[in-house]
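Novice: Sharing final_34.txt (compact mmCIF, C-alpha atoms) below.
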```txt
# COMPACT_ATOMS: atom_id res chain seq x y z
CA MET A 1 -17.25 -17.62 4.68
CA SER A 2 -14.63 -18.22 2.04
CA ASP A 3 -13.95 -14.52 1.78
CA ARG A 4 -12.65 -14.32 5.31
CA GLY A 5 -10.11 -16.95 4.36
CA GLY A 6 -9.27 -14.77 1.36
CA THR A 7 -8.68 -11.79 3.63
CA LEU A 8 -6.36 -13.81 5.84
CA GLN A 9 -4.51 -15.02 2.76
CA ALA A 10 -4.21 -11.47 1.48
CA CYS A 11 -2.77 -10.30 4.82
CA VAL A 12 -0.29 -13.18 4.91
CA ALA A 13 0.70 -12.51 1.28
CA LEU A 14 1.26 -8.84 2.06
CA LEU A 15 3.29 -9.70 5.16
CA LYS A 16 5.48 -12.14 3.21
CA ARG A 17 5.90 -9.71 0.35
CA ASP A 18 7.00 -6.86 2.59
CA VAL A 19 9.45 -9.02 4.54
CA THR A 20 10.87 -10.34 1.24
CA LEU A 21 11.25 -6.82 -0.10
CA VAL A 22 13.00 -5.56 3.01
CA TYR A 23 15.50 -8.41 2.95
CA ARG A 24 16.11 -8.07 -0.80
CA ARG A 25 16.88 -4.40 -0.35
CA GLY A 26 19.09 -4.91 2.69
CA GLY A 27 19.54 -1.28 3.66
CA ASP A 28 15.98 -1.01 4.90
CA TRP A 29 16.64 -3.12 7.95
CA ILE A 30 20.39 -2.69 8.38
CA ASN A 31 20.35 1.11 8.45
CA PRO A 32 18.02 1.54 11.45
CA LEU A 33 19.96 -1.13 13.32
CA LEU A 34 23.32 0.54 12.67
CA PHE A 35 21.80 3.89 13.56
CA PHE A 36 20.63 2.47 16.89
CA LEU A 37 24.06 1.01 17.55
CA ILE A 38 25.97 4.18 16.70
CA ILE A 39 23.75 6.57 18.67
CA ILE A 40 24.21 4.50 21.80
CA THR A 41 27.93 4.09 21.24
CA LEU A 42 28.29 7.87 21.10
CA PHE A 43 27.17 8.27 24.70
CA PRO A 44 30.03 6.52 26.49
CA LEU A 45 32.34 8.50 24.19
CA GLY A 46 30.57 11.76 24.93
CA VAL A 47 29.89 11.58 28.65
CA GLY A 48 32.86 9.42 29.61
CA PRO A 49 32.93 5.75 30.57
CA GLY A 50 31.98 6.29 34.25
CA ALA A 51 29.84 3.28 35.15
CA GLU A 52 27.49 5.22 37.44
CA THR A 53 26.63 7.96 34.93
CA LEU A 54 26.14 5.48 32.11
CA ALA A 55 23.89 3.22 34.17
CA ARG A 56 21.78 6.23 35.17
CA ILE A 57 21.26 7.56 31.63
CA GLY A 58 21.26 4.09 30.02
CA PRO A 59 17.50 3.42 29.91
CA GLY A 60 16.74 6.85 28.51
CA VAL A 61 19.49 6.62 25.90
CA ILE A 62 18.42 3.18 24.72
CA TRP A 63 14.77 4.21 24.51
CA VAL A 64 15.48 7.44 22.66
CA ALA A 65 17.78 5.60 20.26
CA ALA A 66 15.11 2.93 19.66
CA LEU A 67 12.54 5.63 19.07
CA LEU A 68 14.71 7.45 16.54
CA ALA A 69 15.63 4.20 14.80
CA THR A 70 11.91 3.42 14.42
CA LEU A 71 11.32 6.87 13.03
CA LEU A 72 14.18 6.51 10.54
CA ALA A 73 12.82 3.19 9.32
CA LEU A 74 9.28 4.54 8.94
CA GLU A 75 10.17 6.62 5.89
CA ASN A 76 10.27 3.46 3.80
CA LEU A 77 6.97 2.05 5.04
CA PHE A 78 4.74 3.41 2.26
CA ARG A 79 7.11 5.42 0.08
CA SER A 80 8.15 2.89 -2.56
CA ASP A 81 4.64 1.41 -2.74
CA PHE A 82 3.32 4.93 -3.24
CA GLN A 83 5.81 5.73 -5.97
CA ASP A 84 5.34 2.60 -8.07
CA GLY A 85 1.55 2.48 -7.73
CA SER A 86 1.39 -0.61 -5.51
CA LEU A 87 -0.34 1.38 -2.81
CA GLU A 88 -3.18 2.25 -5.21
CA GLN A 89 -3.58 -1.43 -5.95
CA MET A 90 -3.81 -2.16 -2.23
CA LEU A 91 -6.38 0.57 -1.67
CA MET A 92 -8.42 -0.95 -4.48
CA SER A 93 -8.53 -4.35 -2.86
CA HIS A 94 -11.93 -5.50 -1.68
CA HIS A 95 -10.38 -6.89 1.48
CA PRO A 96 -10.74 -4.77 4.65
CA LEU A 97 -8.00 -2.18 4.36
CA PRO A 98 -7.35 -1.71 8.08
CA LEU A 99 -6.40 -5.39 8.27
CA LEU A 100 -4.16 -5.18 5.21
CA MET A 101 -2.42 -2.14 6.63
CA MET A 102 -1.96 -3.90 9.96
CA ALA A 103 -0.19 -6.70 8.11
CA LYS A 104 2.02 -4.10 6.48
CA VAL A 105 2.88 -2.39 9.76
CA PHE A 106 3.50 -5.75 11.39
CA ALA A 107 5.94 -6.69 8.61
CA HIS A 108 7.66 -3.37 9.14
CA TRP A 109 7.88 -3.93 12.88
CA LEU A 110 9.27 -7.45 12.39
CA THR A 111 11.99 -6.26 10.06
CA THR A 112 13.02 -2.97 11.63
CA ALA A 113 11.99 -2.83 15.29
CA LEU A 114 12.48 -6.43 16.34
CA PRO A 115 16.20 -6.46 15.43
CA VAL A 116 16.58 -3.30 17.54
CA VAL A 117 14.86 -4.98 20.48
CA ALA A 118 17.12 -8.00 20.05
CA LEU A 119 20.21 -5.79 20.16
CA ALA A 120 19.02 -3.81 23.19
CA PRO A 121 20.33 -6.21 25.90
CA PHE A 122 23.87 -5.87 24.55
CA MET A 123 23.51 -2.12 24.48
CA ALA A 124 22.29 -2.24 28.07
CA LEU A 125 25.43 -4.11 29.08
CA MET A 126 27.54 -1.56 27.25
CA MET A 127 25.75 1.17 29.22
CA GLN A 128 26.72 -0.66 32.44
CA MET A 129 23.09 -1.28 33.37
CA PRO A 130 22.56 -4.03 35.98
CA ALA A 131 21.75 -7.38 34.39
CA GLU A 132 18.51 -7.83 36.35
CA VAL A 133 16.80 -4.82 34.70
CA ILE A 134 17.45 -6.10 31.18
CA PRO A 135 14.30 -8.28 31.06
CA VAL A 136 12.24 -5.23 32.01
CA LEU A 137 13.93 -3.17 29.31
CA VAL A 138 13.23 -5.83 26.70
CA ALA A 139 9.64 -6.33 27.85
CA GLY A 140 9.09 -2.58 27.68
CA LEU A 141 10.55 -2.39 24.19
CA LEU A 142 8.48 -5.36 23.03
CA LEU A 143 5.31 -3.66 24.26
CA GLY A 144 6.29 -0.15 23.23
CA THR A 145 7.83 -0.49 19.77
CA PRO A 146 4.65 -1.84 18.09
CA THR A 147 2.85 1.26 19.37
CA LEU A 148 5.65 3.41 17.94
CA SER A 149 5.34 1.62 14.58
CA MET A 150 1.58 2.09 14.43
CA VAL A 151 1.55 5.71 15.51
CA GLY A 152 4.42 6.39 13.16
CA ALA A 153 2.54 4.69 10.33
CA ILE A 154 -0.27 7.24 10.69
CA GLY A 155 2.24 10.07 10.26
CA THR A 156 3.92 8.28 7.35
CA ALA A 157 0.56 7.75 5.66
CA LEU A 158 -0.18 11.46 5.97
CA THR A 159 3.18 12.60 4.60
CA VAL A 160 3.76 9.98 1.89
CA GLY A 161 2.49 12.27 -0.85
CA LEU A 162 4.95 15.02 0.04
CA SER A 163 8.31 15.06 -1.66
CA ARG A 164 10.16 16.04 1.50
CA GLY A 165 8.14 14.52 4.27
CA GLY A 166 11.06 13.54 6.50
CA VAL A 167 11.29 16.46 8.90
CA LEU A 168 7.54 16.95 8.94
CA LEU A 169 7.15 13.31 9.85
CA ALA A 170 9.48 13.74 12.83
CA LEU A 171 7.60 16.85 13.96
CA LEU A 172 4.26 15.08 13.67
CA VAL A 173 5.20 11.81 15.25
CA LEU A 174 7.83 12.49 17.94
CA PRO A 175 5.45 14.34 20.29
CA LEU A 176 3.12 11.36 20.09
CA TYR A 177 5.99 9.07 21.10
CA VAL A 178 6.40 10.85 24.44
CA PRO A 179 4.03 8.69 26.54
CA VAL A 180 5.70 5.50 25.35
CA LEU A 181 9.12 6.96 26.12
CA ILE A 182 8.06 8.06 29.61
CA PHE A 183 6.63 4.72 30.68
CA GLY A 184 9.29 2.69 28.93
CA THR A 185 12.13 4.40 30.78
CA ARG A 186 10.12 4.58 33.98
CA ALA A 187 9.75 0.78 34.01
CA VAL A 188 13.52 0.34 33.83
CA ASP A 189 14.15 3.02 36.46
CA LEU A 190 11.71 1.36 38.85
CA ALA A 191 13.31 -2.03 38.27
CA SER A 192 16.80 -0.71 38.89
CA SER A 193 15.76 0.78 42.23
CA GLY A 194 14.24 -2.57 43.20
CA LEU A 195 10.60 -1.53 42.81
CA PRO A 196 7.99 -3.45 40.79
CA ALA A 197 8.01 -2.35 37.15
CA ALA A 198 4.72 -4.02 36.28
CA PRO A 199 2.47 -0.92 36.47
CA SER A 200 4.51 0.90 33.83
CA LEU A 201 4.58 -2.18 31.64
CA TYR A 202 0.80 -2.49 31.99
CA LEU A 203 0.44 1.09 30.84
CA LEU A 204 2.64 0.36 27.82
CA GLY A 205 0.42 -2.65 27.16
CA SER A 206 -2.74 -0.59 27.31
CA MET A 207 -1.26 1.96 24.91
CA LEU A 208 -0.52 -0.91 22.56
CA VAL A 209 -4.12 -2.11 22.75
CA LEU A 210 -5.39 1.39 22.12
CA ALA A 211 -3.08 1.76 19.12
CA LEU A 212 -4.17 -1.64 17.77
CA ALA A 213 -7.78 -0.55 17.94
CA LEU A 214 -7.49 2.95 16.49
CA ALA A 215 -4.32 3.21 14.39
CA PRO A 216 -5.49 0.96 11.51
CA LEU A 217 -8.51 3.17 10.88
CA ALA A 218 -6.40 6.32 11.10
CA ILE A 219 -3.78 4.88 8.73
CA VAL A 220 -6.41 4.06 6.11
CA ALA A 221 -8.05 7.47 6.41
CA ALA A 222 -4.64 9.17 6.09
CA LEU A 223 -3.73 7.10 3.03
CA ARG A 224 -6.98 8.00 1.31
CA ILE A 225 -6.22 11.68 1.84
CA SER A 226 -2.67 11.25 0.53
CA LEU A 227 -3.72 9.38 -2.59
CA GLU A 228 -6.58 11.59 -3.65
CA MET B 1 -23.93 -7.25 5.25
CA GLN B 2 -26.74 -6.02 3.04
CA ALA B 3 -27.46 -7.82 -0.18
CA MET B 4 -27.02 -5.86 -3.36
CA PRO B 5 -30.32 -4.74 -4.91
CA THR B 6 -31.49 -7.43 -7.29
CA ASP B 7 -33.54 -5.55 -9.88
CA VAL B 8 -30.51 -4.26 -11.64
CA THR B 9 -29.48 -2.30 -14.63
CA PRO B 10 -26.45 -4.23 -15.79
CA GLY B 11 -23.13 -2.51 -16.08
CA LEU B 12 -21.73 0.75 -14.93
CA GLN B 13 -23.77 3.94 -14.87
CA ILE B 14 -22.35 7.37 -14.27
CA ARG B 15 -24.84 10.02 -13.26
CA GLU B 16 -24.19 13.75 -13.17
CA LEU B 17 -20.55 13.29 -12.22
CA THR B 18 -18.63 16.47 -11.38
CA CYS B 19 -14.91 16.49 -10.71
CA SER B 20 -12.39 19.22 -10.13
CA ARG B 21 -8.70 19.33 -9.48
CA GLY B 22 -7.71 22.01 -7.02
CA GLU B 23 -9.80 25.05 -7.95
CA ARG B 24 -10.23 24.01 -11.56
CA LEU B 25 -13.45 22.36 -12.68
CA LEU B 26 -12.63 19.43 -14.99
CA PHE B 27 -16.09 18.29 -15.98
CA GLU B 28 -19.58 18.80 -14.73
CA GLY B 29 -22.78 16.79 -14.96
CA LEU B 30 -21.16 13.95 -16.86
CA SER B 31 -23.54 11.04 -17.44
CA PHE B 32 -23.01 7.85 -19.38
CA ALA B 33 -23.52 4.12 -19.13
CA ILE B 34 -21.37 1.18 -20.07
CA THR B 35 -23.06 -2.16 -20.55
CA PRO B 36 -21.34 -5.56 -20.33
CA GLY B 37 -19.40 -6.39 -23.44
CA THR B 38 -18.71 -2.81 -24.39
CA GLY B 39 -15.76 -0.56 -23.94
CA LEU B 40 -15.38 3.16 -23.51
CA HIS B 41 -12.45 5.06 -24.89
CA VAL B 42 -12.03 8.36 -23.05
CA ILE B 43 -10.28 10.96 -25.17
CA GLY B 44 -9.44 14.58 -24.65
CA PRO B 45 -6.47 16.91 -24.47
CA ASN B 46 -3.93 16.82 -21.63
CA GLY B 47 -5.42 18.15 -18.44
CA SER B 48 -9.02 17.51 -19.48
CA GLY B 49 -9.56 15.12 -16.57
CA LYS B 50 -9.20 11.69 -18.16
CA THR B 51 -7.07 10.29 -15.37
CA THR B 52 -9.23 11.95 -12.73
CA LEU B 53 -12.31 10.37 -14.27
CA LEU B 54 -10.71 6.93 -14.24
CA ARG B 55 -9.45 7.29 -10.68
CA THR B 56 -12.89 8.46 -9.59
CA LEU B 57 -14.46 5.42 -11.24
CA CYS B 58 -12.22 3.12 -9.20
CA GLY B 59 -12.91 4.98 -6.01
CA LEU B 60 -9.38 6.36 -5.60
CA GLY B 61 -10.71 9.89 -5.72
CA ALA B 62 -14.03 11.25 -4.52
CA PRO B 63 -16.15 13.21 -7.00
CA ASP B 64 -17.46 16.66 -6.11
CA GLY B 65 -20.91 15.51 -7.10
CA GLY B 66 -22.80 12.77 -8.84
CA ARG B 67 -23.05 9.04 -8.44
CA ILE B 68 -21.46 5.95 -9.90
CA LEU B 69 -23.73 2.91 -10.01
CA TRP B 70 -22.63 -0.67 -10.55
CA GLN B 71 -25.50 -3.06 -11.35
CA GLY B 72 -27.80 -0.38 -10.01
CA ALA B 73 -26.07 0.01 -6.62
CA ASP B 74 -24.09 3.07 -5.54
CA THR B 75 -20.42 2.12 -5.60
CA ARG B 76 -19.65 4.18 -2.53
CA GLU B 77 -22.23 2.32 -0.48
CA TYR B 78 -21.21 -1.06 -1.83
CA ARG B 79 -17.53 -0.37 -2.09
CA PRO B 80 -16.05 -3.82 -1.40
CA GLU B 81 -18.65 -5.52 -3.60
CA PHE B 82 -17.78 -3.14 -6.42
CA LEU B 83 -14.03 -3.36 -5.93
CA ARG B 84 -14.18 -7.16 -6.25
CA GLN B 85 -15.17 -6.55 -9.86
CA VAL B 86 -12.64 -3.88 -10.74
CA ALA B 87 -9.06 -4.01 -11.96
CA PHE B 88 -7.07 -0.84 -12.50
CA VAL B 89 -3.82 -0.27 -14.33
CA GLY B 90 -2.72 3.31 -13.84
CA HIS B 91 0.19 5.50 -14.89
CA ALA B 92 2.17 4.07 -11.99
CA HIS B 93 1.43 0.47 -12.77
CA GLY B 94 2.12 -1.13 -9.43
CA VAL B 95 4.90 -3.45 -10.56
CA LYS B 96 7.34 -4.19 -7.75
CA GLU B 97 10.93 -4.09 -8.98
CA ASP B 98 12.38 -6.31 -6.27
CA LEU B 99 9.92 -9.13 -6.88
CA THR B 100 10.04 -11.63 -9.70
CA LEU B 101 7.35 -11.60 -12.37
CA PHE B 102 5.70 -14.63 -10.79
CA GLU B 103 5.77 -13.02 -7.35
CA ASN B 104 4.22 -9.87 -8.77
CA LEU B 105 1.36 -11.85 -10.27
CA ALA B 106 0.88 -13.96 -7.15
CA PHE B 107 0.59 -10.86 -5.00
CA ALA B 108 -1.91 -9.26 -7.37
CA ARG B 109 -4.02 -12.40 -7.04
CA ALA B 110 -3.88 -12.28 -3.25
CA LEU B 111 -5.25 -8.73 -3.23
CA ALA B 112 -8.05 -9.34 -5.71
CA VAL B 113 -10.49 -12.12 -6.53
CA PRO B 114 -8.23 -14.77 -8.05
CA ALA B 115 -9.02 -16.20 -11.45
CA ASP B 116 -9.54 -19.91 -11.50
CA PRO B 117 -7.52 -21.78 -12.72
CA TYR B 118 -4.26 -19.92 -12.15
CA ARG B 119 -2.09 -19.91 -15.26
CA PRO B 120 0.66 -17.35 -14.63
CA ARG B 121 2.90 -18.75 -17.37
CA ASP B 122 0.03 -18.42 -19.83
CA ALA B 123 -0.73 -14.88 -18.74
CA LEU B 124 2.88 -13.82 -19.21
CA ALA B 125 3.04 -15.54 -22.59
CA ARG B 126 -0.04 -13.69 -23.77
CA VAL B 127 1.62 -10.34 -23.13
CA GLY B 128 4.89 -11.49 -24.67
CA LEU B 129 6.87 -12.05 -21.46
CA ALA B 130 7.44 -15.80 -21.77
CA GLY B 131 10.85 -16.76 -20.46
CA PHE B 132 11.08 -13.93 -17.93
CA GLU B 133 9.03 -15.66 -15.22
CA GLU B 134 11.72 -15.83 -12.55
CA GLU B 135 13.48 -12.57 -13.40
CA LEU B 136 13.18 -9.60 -11.08
CA ALA B 137 10.74 -7.06 -12.49
CA GLY B 138 13.45 -4.42 -12.00
CA THR B 139 15.36 -5.89 -14.92
CA LEU B 140 12.46 -5.24 -17.30
CA SER B 141 12.19 -2.25 -19.61
CA ALA B 142 9.39 0.30 -19.27
CA GLY B 143 7.35 -1.40 -21.97
CA GLN B 144 7.85 -4.82 -20.43
CA ARG B 145 6.77 -3.55 -17.04
CA ARG B 146 3.58 -2.26 -18.57
CA ARG B 147 3.05 -5.68 -20.15
CA LEU B 148 3.52 -7.26 -16.74
CA ALA B 149 1.01 -4.84 -15.22
CA LEU B 150 -1.47 -5.84 -17.90
CA ALA B 151 -0.76 -9.55 -17.34
CA ARG B 152 -2.16 -8.98 -13.86
CA LEU B 153 -5.58 -8.58 -15.45
CA LEU B 154 -5.41 -12.19 -16.62
CA VAL B 155 -4.72 -13.80 -13.23
CA ILE B 156 -7.55 -12.07 -11.39
CA ARG B 157 -11.26 -12.24 -11.97
CA ALA B 158 -12.44 -8.69 -12.58
CA THR B 159 -15.31 -7.67 -14.83
CA VAL B 160 -14.45 -3.99 -15.10
CA TRP B 161 -11.03 -3.10 -16.45
CA ILE B 162 -10.00 0.49 -15.97
CA LEU B 163 -6.85 1.20 -17.94
CA ASP B 164 -5.06 4.54 -17.94
CA GLU B 165 -2.94 4.79 -21.10
CA PRO B 166 -2.42 1.03 -21.41
CA PHE B 167 -0.53 1.44 -24.69
CA ASN B 168 2.09 3.81 -23.31
CA ALA B 169 5.64 2.58 -23.87
CA LEU B 170 4.38 -0.45 -25.80
CA ASP B 171 5.74 -1.38 -29.22
CA GLY B 172 3.56 -2.40 -32.16
CA ASP B 173 3.37 -6.05 -31.10
CA GLY B 174 2.55 -5.01 -27.56
CA ILE B 175 -0.30 -2.78 -28.68
CA GLU B 176 -1.70 -5.61 -30.79
CA ALA B 177 -1.43 -8.05 -27.89
CA VAL B 178 -3.18 -5.68 -25.50
CA GLU B 179 -5.93 -4.92 -27.99
CA ALA B 180 -6.42 -8.67 -28.29
CA LEU B 181 -6.69 -9.00 -24.51
CA ILE B 182 -9.27 -6.25 -24.40
CA ALA B 183 -11.23 -7.74 -27.29
CA ALA B 184 -11.30 -11.14 -25.55
CA HIS B 185 -12.43 -9.53 -22.31
CA LEU B 186 -15.25 -7.70 -24.09
CA ALA B 187 -16.26 -10.89 -25.86
CA HIS B 188 -16.64 -12.55 -22.46
CA GLY B 189 -19.02 -9.84 -21.31
CA GLY B 190 -16.45 -7.67 -19.56
CA LEU B 191 -16.35 -3.88 -19.46
CA VAL B 192 -13.36 -1.74 -20.30
CA VAL B 193 -12.78 1.94 -19.72
CA LEU B 194 -9.52 3.19 -21.12
CA THR B 195 -7.70 6.33 -22.09
CA SER B 196 -5.27 6.47 -24.95
CA HIS B 197 -3.84 9.14 -27.14
CA GLN B 198 -3.36 6.63 -29.92
CA PRO B 199 -6.40 5.74 -31.99
CA LEU B 200 -7.50 2.17 -31.37
CA GLN B 201 -6.84 -0.23 -34.22
CA SER B 202 -8.74 -3.50 -34.12
CA LEU B 203 -11.05 -2.41 -31.31
CA ARG B 204 -12.51 0.59 -33.03
CA ASP B 205 -15.99 -0.78 -33.71
CA ARG B 206 -16.42 -2.37 -30.27
CA VAL B 207 -15.61 0.68 -28.23
CA ASP B 208 -17.55 3.92 -27.77
CA GLN B 209 -15.80 7.21 -27.46
CA LEU B 210 -16.20 9.84 -24.78
CA ARG B 211 -14.59 13.16 -25.48
CA LEU B 212 -13.71 15.39 -22.57
CA ALA B 213 -13.33 19.06 -23.45
CA SER B 214 -10.44 21.05 -22.04
```
Using structure tokens, write down the structure from this file.
Specialist:
Amino acid sequence: MSDRGGTLQACVALLKRDVTLVYRRGGDWINPLLFFLIIITLFPLGVGPGAETLARIGPGVIWVAALLATLLALENLFRSDFQDGSLEQMLMSHHPLPLLMMAKVFAHWLTTALPVVALAPFMALMMQMPAEVIPVLVAGLLLGTPTLSMVGAIGTALTVGLSRGGVLLALLVLPLYVPVLIFGTRAVDLASSGLPAAPSLYLLGSMLVLALALAPLAIVAALRISLE
Amino acid sequence: MQAMPTDVTPGLQIRELTCSRGERLLFEGLSFAITPGTGLHVIGPNGSGKTTLLRTLCGLGAPDGGRILWQGADTREYRPEFLRQVAFVGHAHGVKEDLTLFENLAFARALAVPADPYRPRDALARVGLAGFEEELAGTLSAGQRRRLALARLLVIRATVWILDEPFNALDGDGIEAVEALIAAHLAHGGLVVLTSHQPLQSLRDRVDQLRLAS
């Protein structure tokens, strides 16, 4: 059916548009990245440069920093589109909204979370983590951050109509980030004690699948409430 | 997917529509019909529910009661089929400041049913924005942004135009140009629902009025 092609085109157009916008604005992708960098840099300064301590807290610090960087970036996901009326236009599209919103979240993940994941290996080295656990850390982040983006998008969709949604967003979303945090750090811990990390990674993968299946519907429902 | 019912009453029918905002009832039992080729000018004082009515017509808000039928089919049951036919320009007109005028139009086309053939330069010229094609929309004035939002209507194929205060921020030439667009759309069998505090000039005899009480 030609319309399915139209839907794909609409998703691709939305993806391109959002990536273009993020790069034209600059701050949208640089700020979360700098935030990630600075949070992690504070730890060696705060707890001292002892290699053993740093290596032990490293996975947790990197994951928490990644999680907060995602949260910081989420604010911009729907806000400007809400303010200038673009979001209304999207909701009025005849294309399936869950797919359009997935394209939007994917664009957001590409521009804000992927740079963080790319920087993570260097942060791991700074935290004196053994080189052989870095692939596990990166794999965990690659599986976990899309879940964070999608779950966060639900919270952002719910709070976009509020003038000061920032703190509320954190309160809504951070508790939901806990499972991802637990299994993400657990995978690295297992790997650094020489145990197989796969089970934790599989759990992160299954959370991602669950989020892929349910989050789009929840995002659309939340946006409809916010825009009414 | 179900087919739309075929024995149809053409156009848009509103039956017993009731809307409220918060605790306040805006209108109750509102019924009217708009047939192809006609327009409806919704008038009424501030706060009488003009914008709410328009947003309800495009499915952005749910009514407290009543039905909206398009070609005889309930628009909530046949939402995508209805939305294919609808274009909306609201108070917030959905112009993206960090995109060029061309990019804005191209994205509007991707979301809606694109008009064939695509003549973005033409569309911009008709609203008086010729020469700005590659500028960022952020450099435009308020009136020019509204013109750009209205140019969107020309690059998509929508039968029902729902325009909330389309003449806001427009100068005399702009108002004339937009009235011409609306007249052309009506002449091609389109439908237009609009709100405006200004009396319509050239359109007066082609457009019915609906007055909402406060």
Novice: Would you give me, as a ChimeraX atom specification, the residues of chain A that come within 12 Å of chain B, using all atoms listed in the file?
Specialist: /A:2-3,5-26,80-97,100,223-228
Novice: Can you pull out the residues contacting stretch 165-175 of chain B? Cut-off 12 Å, using all atoms listed in the file, and skip same-chain residues under 4 positions away; I want them as number ranges by chain.
Specialist: B: 41-43, 50-51, 54, 88-93, 125-129, 141-151, 153, 161, 179-182, 192-203
Novice: Which value, in Å to one decimal, gives the distance between atom CA of A:Thr145 and atom CA of A:Gly161?
Specialist: 24.8 Å
Novice: Tell me which protein, DNA and RNA residues are within 10 Å of A:Thr70, counting all atoms listed in the file, leaving out same-chain ones fewer than 2 positions away, and put them as a tab-separated table (two decimals) with C-alpha atoms, keeping the file's coordinate frame.
Specialist:
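See selection-v6.tsv below for the written result:
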```
chain	number	residue	atom	x	y	z
A	32	PRO	CA	18.02	1.54	11.45
A	33	LEU	CA	19.96	-1.13	13.32
A	35	PHE	CA	21.80	3.89	13.56
A	36	PHE	CA	20.63	2.47	16.89
A	64	VAL	CA	15.48	7.44	22.66
A	65	ALA	CA	17.78	5.60	20.26
A	66	ALA	CA	15.11	2.93	19.66
A	67	LEU	CA	12.54	5.63	19.07
A	68	LEU	CA	14.71	7.45	16.54
A	72	LEU	CA	14.18	6.51	10.54
A	73	ALA	CA	12.82	3.19	9.32
A	74	LEU	CA	9.28	4.54	8.94
A	75	GLU	CA	10.17	6.62	5.89
A	108	HIS	CA	7.66	-3.37	9.14
A	109	TRP	CA	7.88	-3.93	12.88
A	112	THR	CA	13.02	-2.97	11.63
A	113	ALA	CA	11.99	-2.83	15.29
A	116	VAL	CA	16.58	-3.30	17.54
A	145	THR	CA	7.83	-0.49	19.77
A	146	PRO	CA	4.65	-1.84	18.09
A	148	LEU	CA	5.65	3.41	17.94
A	149	SER	CA	5.34	1.62	14.58
A	152	GLY	CA	4.42	6.39	13.16
```
Novice: Provide the atom CA of A:Leu114 to atom CA of A:Gly140 distance in Å, to one decimal place.
Specialist: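 Interatomic distance here is 12.4 Å.
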Novice: Could you add N, CA and C atoms to stretch 206-219 of chain A and give me the result as a compact mmCIF listing (two decimals), in the coordinates of the input?
Specialist:
```txt
# COMPACT_ATOMS: atom_id res chain seq x y z
N SER A 206 -1.44 -1.19 27.63
CA SER A 206 -2.74 -0.59 27.31
C SER A 206 -2.61 0.40 26.15
N MET A 207 -1.46 1.07 26.07
CA MET A 207 -1.26 1.96 24.91
C MET A 207 -1.21 1.14 23.64
N LEU A 208 -0.60 -0.04 23.73
CA LEU A 208 -0.52 -0.91 22.56
C LEU A 208 -1.93 -1.33 22.11
N VAL A 209 -2.76 -1.69 23.08
CA VAL A 209 -4.12 -2.11 22.75
C VAL A 209 -4.89 -0.96 22.10
N LEU A 210 -4.72 0.21 22.67
CA LEU A 210 -5.39 1.39 22.12
C LEU A 210 -4.92 1.64 20.68
N ALA A 211 -3.62 1.54 20.46
CA ALA A 211 -3.08 1.76 19.12
C ALA A 211 -3.60 0.70 18.15
N LEU A 212 -3.66 -0.55 18.63
CA LEU A 212 -4.17 -1.64 17.77
C LEU A 212 -5.60 -1.37 17.34
N ALA A 213 -6.37 -0.77 18.24
CA ALA A 213 -7.78 -0.55 17.94
C ALA A 213 -7.97 0.64 17.01
N LEU A 214 -7.21 1.71 17.21
CA LEU A 214 -7.49 2.95 16.49
C LEU A 214 -6.56 3.23 15.31
N ALA A 215 -5.29 2.83 15.44
CA ALA A 215 -4.32 3.21 14.39
C ALA A 215 -4.70 2.69 13.00
N PRO A 216 -5.18 1.43 12.87
CA PRO A 216 -5.49 0.96 11.51
C PRO A 216 -6.49 1.86 10.78
N LEU A 217 -7.50 2.30 11.51
CA LEU A 217 -8.51 3.17 10.88
C LEU A 217 -7.88 4.50 10.48
N ALA A 218 -7.04 5.03 11.38
CA ALA A 218 -6.40 6.32 11.10
C ALA A 218 -5.44 6.20 9.92
N ILE A 219 -4.73 5.08 9.83
CA ILE A 219 -3.78 4.88 8.73
C ILE A 219 -4.53 4.88 7.40
```
